[in-house]
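Chemist: Coordinates in final_31.txt, compact mmCIF, N, CA and C atoms and all ligand atoms, are listed below.
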```txt
# COMPACT_ATOMS: atom_id res chain seq x y z
N MET A 1 -49.71 -2.01 48.32
CA MET A 1 -50.93 -1.38 47.77
C MET A 1 -51.72 -0.74 48.90
N SER A 2 -52.07 0.51 48.73
CA SER A 2 -52.84 1.18 49.77
C SER A 2 -54.27 0.64 49.77
N SER A 3 -54.97 0.86 50.85
CA SER A 3 -56.34 0.34 50.93
C SER A 3 -57.24 1.08 49.96
N ASP A 4 -56.89 2.34 49.66
CA ASP A 4 -57.66 3.10 48.67
C ASP A 4 -57.57 2.45 47.31
N THR A 5 -56.37 2.02 46.97
CA THR A 5 -56.16 1.37 45.67
C THR A 5 -56.90 0.04 45.63
N ALA A 6 -56.84 -0.69 46.73
CA ALA A 6 -57.54 -1.97 46.80
C ALA A 6 -59.03 -1.76 46.61
N LYS A 7 -59.53 -0.68 47.20
CA LYS A 7 -60.95 -0.37 47.09
C LYS A 7 -61.29 -0.02 45.64
N ALA A 8 -60.41 0.76 45.02
CA ALA A 8 -60.63 1.16 43.63
C ALA A 8 -60.61 -0.07 42.73
N GLU A 9 -59.69 -0.99 43.01
CA GLU A 9 -59.59 -2.19 42.19
C GLU A 9 -60.89 -3.00 42.27
N GLU A 10 -61.39 -3.12 43.50
CA GLU A 10 -62.63 -3.88 43.70
C GLU A 10 -63.77 -3.24 42.91
N LEU A 11 -63.83 -1.91 43.02
CA LEU A 11 -64.87 -1.15 42.34
C LEU A 11 -64.77 -1.32 40.83
N LEU A 12 -63.54 -1.23 40.31
CA LEU A 12 -63.32 -1.34 38.87
C LEU A 12 -63.68 -2.74 38.37
N ARG A 13 -63.33 -3.74 39.16
CA ARG A 13 -63.63 -5.11 38.73
C ARG A 13 -65.13 -5.38 38.70
N SER A 14 -65.86 -4.86 39.67
CA SER A 14 -67.30 -5.12 39.67
C SER A 14 -67.97 -4.30 38.58
N GLU A 15 -67.44 -3.09 38.34
CA GLU A 15 -67.97 -2.27 37.25
C GLU A 15 -67.72 -2.95 35.90
N ARG A 16 -66.55 -3.55 35.76
CA ARG A 16 -66.19 -4.25 34.53
C ARG A 16 -67.15 -5.41 34.29
N GLU A 17 -67.42 -6.14 35.36
CA GLU A 17 -68.35 -7.27 35.25
C GLU A 17 -69.73 -6.81 34.79
N ARG A 18 -70.15 -5.69 35.36
CA ARG A 18 -71.46 -5.15 35.02
C ARG A 18 -71.51 -4.78 33.53
N LEU A 19 -70.45 -4.13 33.06
CA LEU A 19 -70.39 -3.71 31.65
C LEU A 19 -70.36 -4.90 30.72
N VAL A 20 -69.58 -5.92 31.08
CA VAL A 20 -69.48 -7.12 30.24
C VAL A 20 -70.83 -7.82 30.17
N ARG A 21 -71.53 -7.84 31.30
CA ARG A 21 -72.86 -8.46 31.33
C ARG A 21 -73.81 -7.69 30.42
N GLN A 22 -73.70 -6.36 30.48
CA GLN A 22 -74.56 -5.51 29.65
C GLN A 22 -74.27 -5.75 28.17
N LEU A 23 -73.00 -5.90 27.84
CA LEU A 23 -72.61 -6.19 26.45
C LEU A 23 -73.19 -7.52 26.00
N ALA A 24 -73.13 -8.50 26.88
CA ALA A 24 -73.66 -9.82 26.56
C ALA A 24 -75.16 -9.74 26.30
N GLU A 25 -75.84 -8.92 27.12
CA GLU A 25 -77.28 -8.76 26.95
C GLU A 25 -77.62 -8.12 25.62
N LEU A 26 -76.72 -7.27 25.15
CA LEU A 26 -76.94 -6.60 23.86
C LEU A 26 -76.57 -7.51 22.69
N GLY A 27 -76.07 -8.70 23.03
CA GLY A 27 -75.70 -9.64 21.98
C GLY A 27 -74.29 -9.44 21.49
N ALA A 28 -73.51 -8.66 22.23
CA ALA A 28 -72.13 -8.41 21.84
C ALA A 28 -71.20 -9.03 22.87
N ALA A 29 -70.46 -10.02 22.44
CA ALA A 29 -69.48 -10.61 23.32
C ALA A 29 -68.43 -9.55 23.62
N GLU A 30 -67.71 -9.75 24.70
CA GLU A 30 -66.74 -8.75 25.17
C GLU A 30 -65.82 -8.26 24.05
N ASP A 31 -65.25 -9.19 23.31
CA ASP A 31 -64.33 -8.79 22.24
C ASP A 31 -64.84 -9.19 20.87
N GLY A 32 -65.98 -9.88 20.86
CA GLY A 32 -66.48 -10.40 19.60
C GLY A 32 -67.25 -9.37 18.79
N GLU A 33 -67.67 -9.78 17.66
CA GLU A 33 -68.47 -8.91 16.81
C GLU A 33 -69.91 -8.95 17.26
N LEU A 34 -70.60 -7.88 16.94
CA LEU A 34 -72.02 -7.82 17.26
C LEU A 34 -72.76 -8.83 16.39
N ARG A 35 -73.61 -9.62 17.02
CA ARG A 35 -74.37 -10.59 16.23
C ARG A 35 -75.24 -9.88 15.21
N SER A 36 -75.36 -10.49 14.06
CA SER A 36 -76.17 -9.85 13.01
C SER A 36 -77.64 -10.21 13.17
N ASP A 37 -77.91 -11.16 14.04
CA ASP A 37 -79.28 -11.65 14.16
C ASP A 37 -79.94 -11.18 15.45
N ILE A 38 -79.53 -10.01 15.91
CA ILE A 38 -80.14 -9.49 17.13
C ILE A 38 -81.65 -9.36 16.97
N ASP A 39 -82.34 -9.84 17.94
CA ASP A 39 -83.80 -9.81 17.87
C ASP A 39 -84.28 -8.50 18.51
N PHE A 40 -84.82 -7.64 17.70
CA PHE A 40 -85.31 -6.37 18.23
C PHE A 40 -86.79 -6.46 18.60
N GLY A 41 -87.27 -7.66 18.75
CA GLY A 41 -88.63 -7.83 19.21
C GLY A 41 -89.63 -7.99 18.09
N GLY A 42 -89.20 -7.76 16.87
CA GLY A 42 -90.06 -7.97 15.71
C GLY A 42 -91.18 -6.96 15.59
N SER A 43 -91.14 -5.92 16.43
CA SER A 43 -92.22 -4.95 16.39
C SER A 43 -91.96 -3.83 15.39
N PHE A 44 -90.77 -3.84 14.81
CA PHE A 44 -90.46 -2.80 13.84
C PHE A 44 -90.80 -3.26 12.43
N ALA A 45 -91.89 -2.80 11.93
CA ALA A 45 -92.28 -3.16 10.58
C ALA A 45 -91.42 -2.41 9.57
N ASP A 46 -91.02 -1.24 10.00
CA ASP A 46 -90.27 -0.37 9.11
C ASP A 46 -88.77 -0.70 9.18
N ALA A 47 -88.18 -1.03 8.03
CA ALA A 47 -86.77 -1.40 8.00
C ALA A 47 -85.88 -0.26 8.48
N ALA A 48 -86.30 0.97 8.20
CA ALA A 48 -85.52 2.13 8.62
C ALA A 48 -85.46 2.21 10.14
N ALA A 49 -86.56 1.85 10.78
CA ALA A 49 -86.60 1.88 12.23
C ALA A 49 -85.65 0.82 12.80
N VAL A 50 -85.62 -0.34 12.15
CA VAL A 50 -84.72 -1.40 12.59
C VAL A 50 -83.28 -0.91 12.46
N THR A 51 -82.98 -0.27 11.33
CA THR A 51 -81.65 0.25 11.10
C THR A 51 -81.28 1.28 12.17
N ALA A 52 -82.23 2.16 12.47
CA ALA A 52 -81.97 3.19 13.48
C ALA A 52 -81.72 2.55 14.83
N GLU A 53 -82.53 1.54 15.15
CA GLU A 53 -82.39 0.84 16.43
C GLU A 53 -81.03 0.16 16.50
N ARG A 54 -80.65 -0.46 15.40
CA ARG A 54 -79.39 -1.17 15.33
C ARG A 54 -78.21 -0.20 15.49
N THR A 55 -78.32 0.95 14.84
CA THR A 55 -77.28 1.96 14.95
C THR A 55 -77.14 2.41 16.39
N GLU A 56 -78.27 2.56 17.05
CA GLU A 56 -78.27 2.99 18.44
C GLU A 56 -77.59 1.95 19.32
N VAL A 57 -77.92 0.67 19.08
CA VAL A 57 -77.32 -0.41 19.86
C VAL A 57 -75.81 -0.46 19.61
N LEU A 58 -75.42 -0.31 18.35
CA LEU A 58 -74.00 -0.33 18.02
C LEU A 58 -73.25 0.80 18.74
N GLY A 59 -73.90 1.97 18.79
CA GLY A 59 -73.29 3.10 19.49
C GLY A 59 -73.11 2.80 20.96
N LEU A 60 -74.14 2.19 21.55
CA LEU A 60 -74.10 1.84 22.96
C LEU A 60 -73.01 0.80 23.22
N VAL A 61 -72.94 -0.20 22.33
CA VAL A 61 -71.91 -1.24 22.45
C VAL A 61 -70.52 -0.61 22.41
N GLU A 62 -70.35 0.35 21.51
CA GLU A 62 -69.06 1.01 21.39
C GLU A 62 -68.71 1.76 22.67
N THR A 63 -69.70 2.45 23.22
CA THR A 63 -69.49 3.19 24.46
C THR A 63 -69.10 2.24 25.59
N LEU A 64 -69.84 1.12 25.70
CA LEU A 64 -69.58 0.16 26.77
C LEU A 64 -68.19 -0.45 26.62
N ARG A 65 -67.82 -0.77 25.37
CA ARG A 65 -66.49 -1.34 25.13
C ARG A 65 -65.39 -0.35 25.50
N GLY A 66 -65.65 0.92 25.19
CA GLY A 66 -64.69 1.96 25.55
C GLY A 66 -64.50 2.03 27.05
N GLN A 67 -65.61 1.87 27.78
CA GLN A 67 -65.54 1.91 29.24
C GLN A 67 -64.77 0.72 29.79
N VAL A 68 -65.00 -0.46 29.17
CA VAL A 68 -64.27 -1.66 29.59
C VAL A 68 -62.77 -1.46 29.35
N GLU A 69 -62.44 -0.86 28.20
CA GLU A 69 -61.04 -0.59 27.87
C GLU A 69 -60.40 0.33 28.89
N ASP A 70 -61.14 1.39 29.25
CA ASP A 70 -60.63 2.34 30.24
C ASP A 70 -60.36 1.64 31.56
N ILE A 71 -61.29 0.76 31.95
CA ILE A 71 -61.14 0.04 33.21
C ILE A 71 -59.92 -0.88 33.14
N ASP A 72 -59.76 -1.56 31.99
CA ASP A 72 -58.60 -2.44 31.83
C ASP A 72 -57.29 -1.66 31.97
N LYS A 73 -57.27 -0.46 31.41
CA LYS A 73 -56.07 0.37 31.51
C LYS A 73 -55.81 0.76 32.96
N ALA A 74 -56.89 1.10 33.67
CA ALA A 74 -56.74 1.48 35.07
C ALA A 74 -56.27 0.28 35.89
N LEU A 75 -56.80 -0.92 35.59
CA LEU A 75 -56.39 -2.13 36.32
C LEU A 75 -54.91 -2.43 36.04
N GLU A 76 -54.48 -2.15 34.82
CA GLU A 76 -53.06 -2.32 34.47
C GLU A 76 -52.19 -1.41 35.33
N ARG A 77 -52.66 -0.16 35.47
CA ARG A 77 -51.91 0.81 36.29
C ARG A 77 -51.82 0.31 37.73
N ILE A 78 -52.90 -0.30 38.21
CA ILE A 78 -52.90 -0.83 39.58
C ILE A 78 -51.85 -1.94 39.69
N GLU A 79 -51.84 -2.85 38.70
CA GLU A 79 -50.88 -3.95 38.71
C GLU A 79 -49.44 -3.44 38.68
N GLU A 80 -49.24 -2.36 37.95
CA GLU A 80 -47.90 -1.79 37.83
C GLU A 80 -47.54 -0.91 39.02
N GLY A 81 -48.50 -0.74 39.92
CA GLY A 81 -48.25 0.09 41.08
C GLY A 81 -48.24 1.58 40.75
N LEU A 82 -48.87 1.94 39.64
CA LEU A 82 -48.85 3.33 39.19
C LEU A 82 -50.21 3.99 39.30
N TYR A 83 -51.15 3.27 39.88
CA TYR A 83 -52.50 3.82 39.97
C TYR A 83 -52.50 5.11 40.79
N GLY A 84 -53.24 6.10 40.28
CA GLY A 84 -53.31 7.37 40.99
C GLY A 84 -52.33 8.39 40.45
N THR A 85 -51.47 7.95 39.53
CA THR A 85 -50.60 8.91 38.86
C THR A 85 -50.98 8.98 37.39
N CYS A 86 -50.76 10.14 36.80
CA CYS A 86 -51.15 10.37 35.41
C CYS A 86 -50.28 9.54 34.46
N ALA A 87 -50.95 8.85 33.52
CA ALA A 87 -50.23 7.99 32.58
C ALA A 87 -49.46 8.81 31.56
N ASN A 88 -49.75 10.10 31.50
CA ASN A 88 -49.06 10.95 30.53
C ASN A 88 -47.93 11.75 31.16
N CYS A 89 -48.25 12.50 32.22
CA CYS A 89 -47.24 13.40 32.79
C CYS A 89 -46.67 12.89 34.11
N GLY A 90 -47.30 11.85 34.68
CA GLY A 90 -46.75 11.27 35.91
C GLY A 90 -47.15 11.99 37.19
N LYS A 91 -47.88 13.09 37.04
CA LYS A 91 -48.33 13.81 38.24
C LYS A 91 -49.43 13.03 38.95
N GLU A 92 -49.59 13.36 40.21
CA GLU A 92 -50.62 12.69 40.99
C GLU A 92 -52.01 13.12 40.51
N ILE A 93 -52.91 12.16 40.37
CA ILE A 93 -54.29 12.48 40.02
C ILE A 93 -55.01 12.78 41.33
N SER A 94 -55.79 13.85 41.35
CA SER A 94 -56.42 14.25 42.61
C SER A 94 -57.37 13.17 43.10
N PRO A 95 -57.37 12.95 44.42
CA PRO A 95 -58.24 11.92 45.01
C PRO A 95 -59.71 12.15 44.69
N ASP A 96 -60.10 13.43 44.57
CA ASP A 96 -61.48 13.74 44.23
C ASP A 96 -61.84 13.19 42.86
N ARG A 97 -60.91 13.36 41.94
CA ARG A 97 -61.13 12.89 40.57
C ARG A 97 -61.22 11.36 40.55
N LEU A 98 -60.34 10.71 41.30
CA LEU A 98 -60.36 9.24 41.34
C LEU A 98 -61.63 8.72 42.00
N ALA A 99 -62.10 9.46 42.99
CA ALA A 99 -63.33 9.03 43.67
C ALA A 99 -64.51 9.13 42.71
N ALA A 100 -64.51 10.19 41.89
CA ALA A 100 -65.61 10.39 40.95
C ALA A 100 -65.48 9.45 39.75
N LEU A 101 -64.26 9.27 39.29
CA LEU A 101 -63.99 8.44 38.11
C LEU A 101 -62.83 7.49 38.39
N PRO A 102 -63.13 6.35 39.00
CA PRO A 102 -62.05 5.42 39.41
C PRO A 102 -61.21 4.92 38.25
N ALA A 103 -61.75 4.99 37.03
CA ALA A 103 -61.00 4.48 35.88
C ALA A 103 -60.05 5.54 35.30
N SER A 104 -59.97 6.70 35.95
CA SER A 104 -59.10 7.76 35.44
C SER A 104 -57.64 7.33 35.45
N ILE A 105 -56.97 7.52 34.32
CA ILE A 105 -55.53 7.27 34.31
C ILE A 105 -54.79 8.53 33.85
N LEU A 106 -55.55 9.59 33.63
CA LEU A 106 -54.95 10.87 33.26
C LEU A 106 -55.37 11.93 34.28
N CYS A 107 -54.48 12.89 34.54
CA CYS A 107 -54.85 13.99 35.41
C CYS A 107 -55.79 14.92 34.64
N VAL A 108 -56.41 15.83 35.36
CA VAL A 108 -57.39 16.72 34.74
C VAL A 108 -56.77 17.52 33.60
N GLU A 109 -55.54 18.02 33.81
CA GLU A 109 -54.88 18.83 32.78
C GLU A 109 -54.69 18.05 31.49
N CYS A 110 -54.15 16.83 31.62
CA CYS A 110 -53.89 16.04 30.42
C CYS A 110 -55.19 15.64 29.74
N LYS A 111 -56.18 15.30 30.56
CA LYS A 111 -57.48 14.92 29.99
C LYS A 111 -58.07 16.08 29.21
N SER A 112 -57.98 17.29 29.78
CA SER A 112 -58.58 18.45 29.12
C SER A 112 -57.81 18.82 27.87
N LYS A 113 -56.53 18.42 27.80
CA LYS A 113 -55.75 18.68 26.60
C LYS A 113 -56.06 17.64 25.51
N GLY A 114 -56.85 16.64 25.89
CA GLY A 114 -57.23 15.62 24.91
C GLY A 114 -56.17 14.56 24.69
N VAL A 115 -55.28 14.40 25.68
CA VAL A 115 -54.24 13.38 25.59
C VAL A 115 -54.88 12.00 25.58
N THR A 116 -54.42 11.12 24.70
CA THR A 116 -54.89 9.73 24.74
C THR A 116 -53.70 8.82 25.01
N VAL A 117 -53.97 7.75 25.72
CA VAL A 117 -52.89 6.80 26.04
C VAL A 117 -53.30 5.40 25.62
ZN ZN B 201 -51.14 14.50 33.38
```
Would you put the structure from the file into structure tokens?

Modeler:
Amino acid sequence: MSSDTAKAEELLRSERERLVRQLAELGAAEDGELRSDIDFGGSFADAAAVTAERTEVLGLVETLRGQVEDIDKALERIEEGLYGTCANCGKEISPDRLAALPASILCVECKSKGVTV
């Protein structure tokens, strides 16, 4: 494993921890369902506002979970010794892209084509 990959792994793991902590704070366990009894502070008299707030939290939870998933996929690539290569076409992912987005497992071309893995 190159030192760059080791650095990326460290970064991904700490980022994952941060995301999981954020999910826990939102009342959503890493893989569990969102609690139905989330306390929104009780300041919303209007039920519609509570619903809107809840929808917003659910959206955020979804985004965070997606990020955790991406990181897990990238960590898998590291374990397989494939980190830094595109999971779709196998081409090398540019170091600039990896530096900006360490969880990248697709090259720019495949990502822009909307490839999902
Ligand atoms: Zn590719």

Chemist: Would you name the residues within 8 Å of ligand ZN 201 (chain B), counting all atoms listed in the file, and put them as JSON, numbers by chain?

Modeler: {"A": [85, 86, 87, 88, 89, 90, 91, 92, 93, 105, 106, 107, 108, 109, 110, 111]}

Chemist: Based on DSSP run over this structure's backbone, return all residues of chain A in strand (DSSP E or B), as a list of chain:residue names.

Modeler: A:Ala28, A:Leu34, A:Thr85, A:Glu92

Chemist: Write out, as JSON lines, each residue of region 62-112 of chain A that has an atom at most 8 Å from region 16-30 of chain A, together with the closest pair of atoms and their distance in Å to one decimal, counting only N, CA and C atoms, rows going by chain and rising number.

Modeler:
```
{"residue": "A:Leu64", "atom": "CA", "partner": "A:Leu19", "partner_atom": "CA", "distance": 6.3}
{"residue": "A:Arg65", "atom": "CA", "partner": "A:Glu30", "partner_atom": "C", "distance": 7.0}
{"residue": "A:Gln67", "atom": "C", "partner": "A:Arg16", "partner_atom": "CA", "distance": 7.0}
{"residue": "A:Val68", "atom": "CA", "partner": "A:Arg16", "partner_atom": "CA", "distance": 5.9}
{"residue": "A:Ile71", "atom": "CA", "partner": "A:Arg16", "partner_atom": "CA", "distance": 6.8}
{"residue": "A:Asp72", "atom": "N", "partner": "A:Arg16", "partner_atom": "CA", "distance": 7.4}
```

Chemist: What does the distance from atom N of Glu56 (chain A) to atom C of Ala74 (chain A) come to in Å, to one decimal?

Modeler: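 Atom C of Ala74 (chain A) lies 29.1 Å from atom N of Glu56 (chain A).
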
Chemist: What parts of chain A does DSSP call alpha helix (DSSP H)? I'd like the answer as an MDAnalysis selection string.

Modeler: chainID A and resid 3:25 47:79 95:100 108:112

Chemist: Figure out the distance between atom C of Gly66 (chain A) and CA of Thr5 (chain A), please, to one decimal in Å.

Modeler: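 Atom-to-atom, CA of Thr5 (chain A) to atom C of Gly66 (chain A), that is 20.4 Å.
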
Chemist: Which distance in Å separates atom N of Ile78 (chain A) and atom N of Gly59 (chain A), to one decimal?

Modeler: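 Taking atom N of Ile78 (chain A) and atom N of Gly59 (chain A), their separation equals 28.7 Å.
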
Chemist: Do you know which residues lie at most 9 Å from (-62.3, 0.3, 41.4), with coordinates as in the file and only C-alpha atoms counted, and could you write them as a PyMOL selection string?

Modeler: chain A and resi 5-15+71+74-75+101-103

Chemist: Write out as a PyMOL selection string which residues come within 8 Å of Ser104 (chain A) when counting only C-alpha atoms, dropping same-chain ones fewer than 6 positions away.

Modeler: chain A and resi 70+74+97-98

Chemist: Restricting the output to N, CA and C atoms, write the selected residues as a PDB file, in the frame of the given file.

Modeler:
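The resulting part_38.pdb:
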```
ATOM      1  N   ASP A  70     -61.140   1.390  29.250  1.00  0.00           N
ATOM      2  CA  ASP A  70     -60.630   2.340  30.240  1.00  0.00           C
ATOM      3  C   ASP A  70     -60.360   1.640  31.560  1.00  0.00           C
ATOM      4  N   ALA A  74     -56.890   1.100  33.670  1.00  0.00           N
ATOM      5  CA  ALA A  74     -56.740   1.480  35.070  1.00  0.00           C
ATOM      6  C   ALA A  74     -56.270   0.280  35.890  1.00  0.00           C
ATOM      7  N   ARG A  97     -60.910  13.360  41.940  1.00  0.00           N
ATOM      8  CA  ARG A  97     -61.130  12.890  40.570  1.00  0.00           C
ATOM      9  C   ARG A  97     -61.220  11.360  40.550  1.00  0.00           C
ATOM     10  N   LEU A  98     -60.340  10.710  41.300  1.00  0.00           N
ATOM     11  CA  LEU A  98     -60.360   9.240  41.340  1.00  0.00           C
ATOM     12  C   LEU A  98     -61.630   8.720  42.000  1.00  0.00           C
TER      13      LEU A  98
END
```

Chemist: Return as lines of an AutoDock Vina configuration file the centre and edge lengths, in Å with one decimal, of the box along x, y and z that encloses every atom of region 50-53 of chain A in the file, padded by 8 Å per side.

Modeler:
```
center_x = -83.3
center_y = 0.9
center_z = 13.8
size_x = 20.6
size_y = 20.6
size_z = 21.4
```
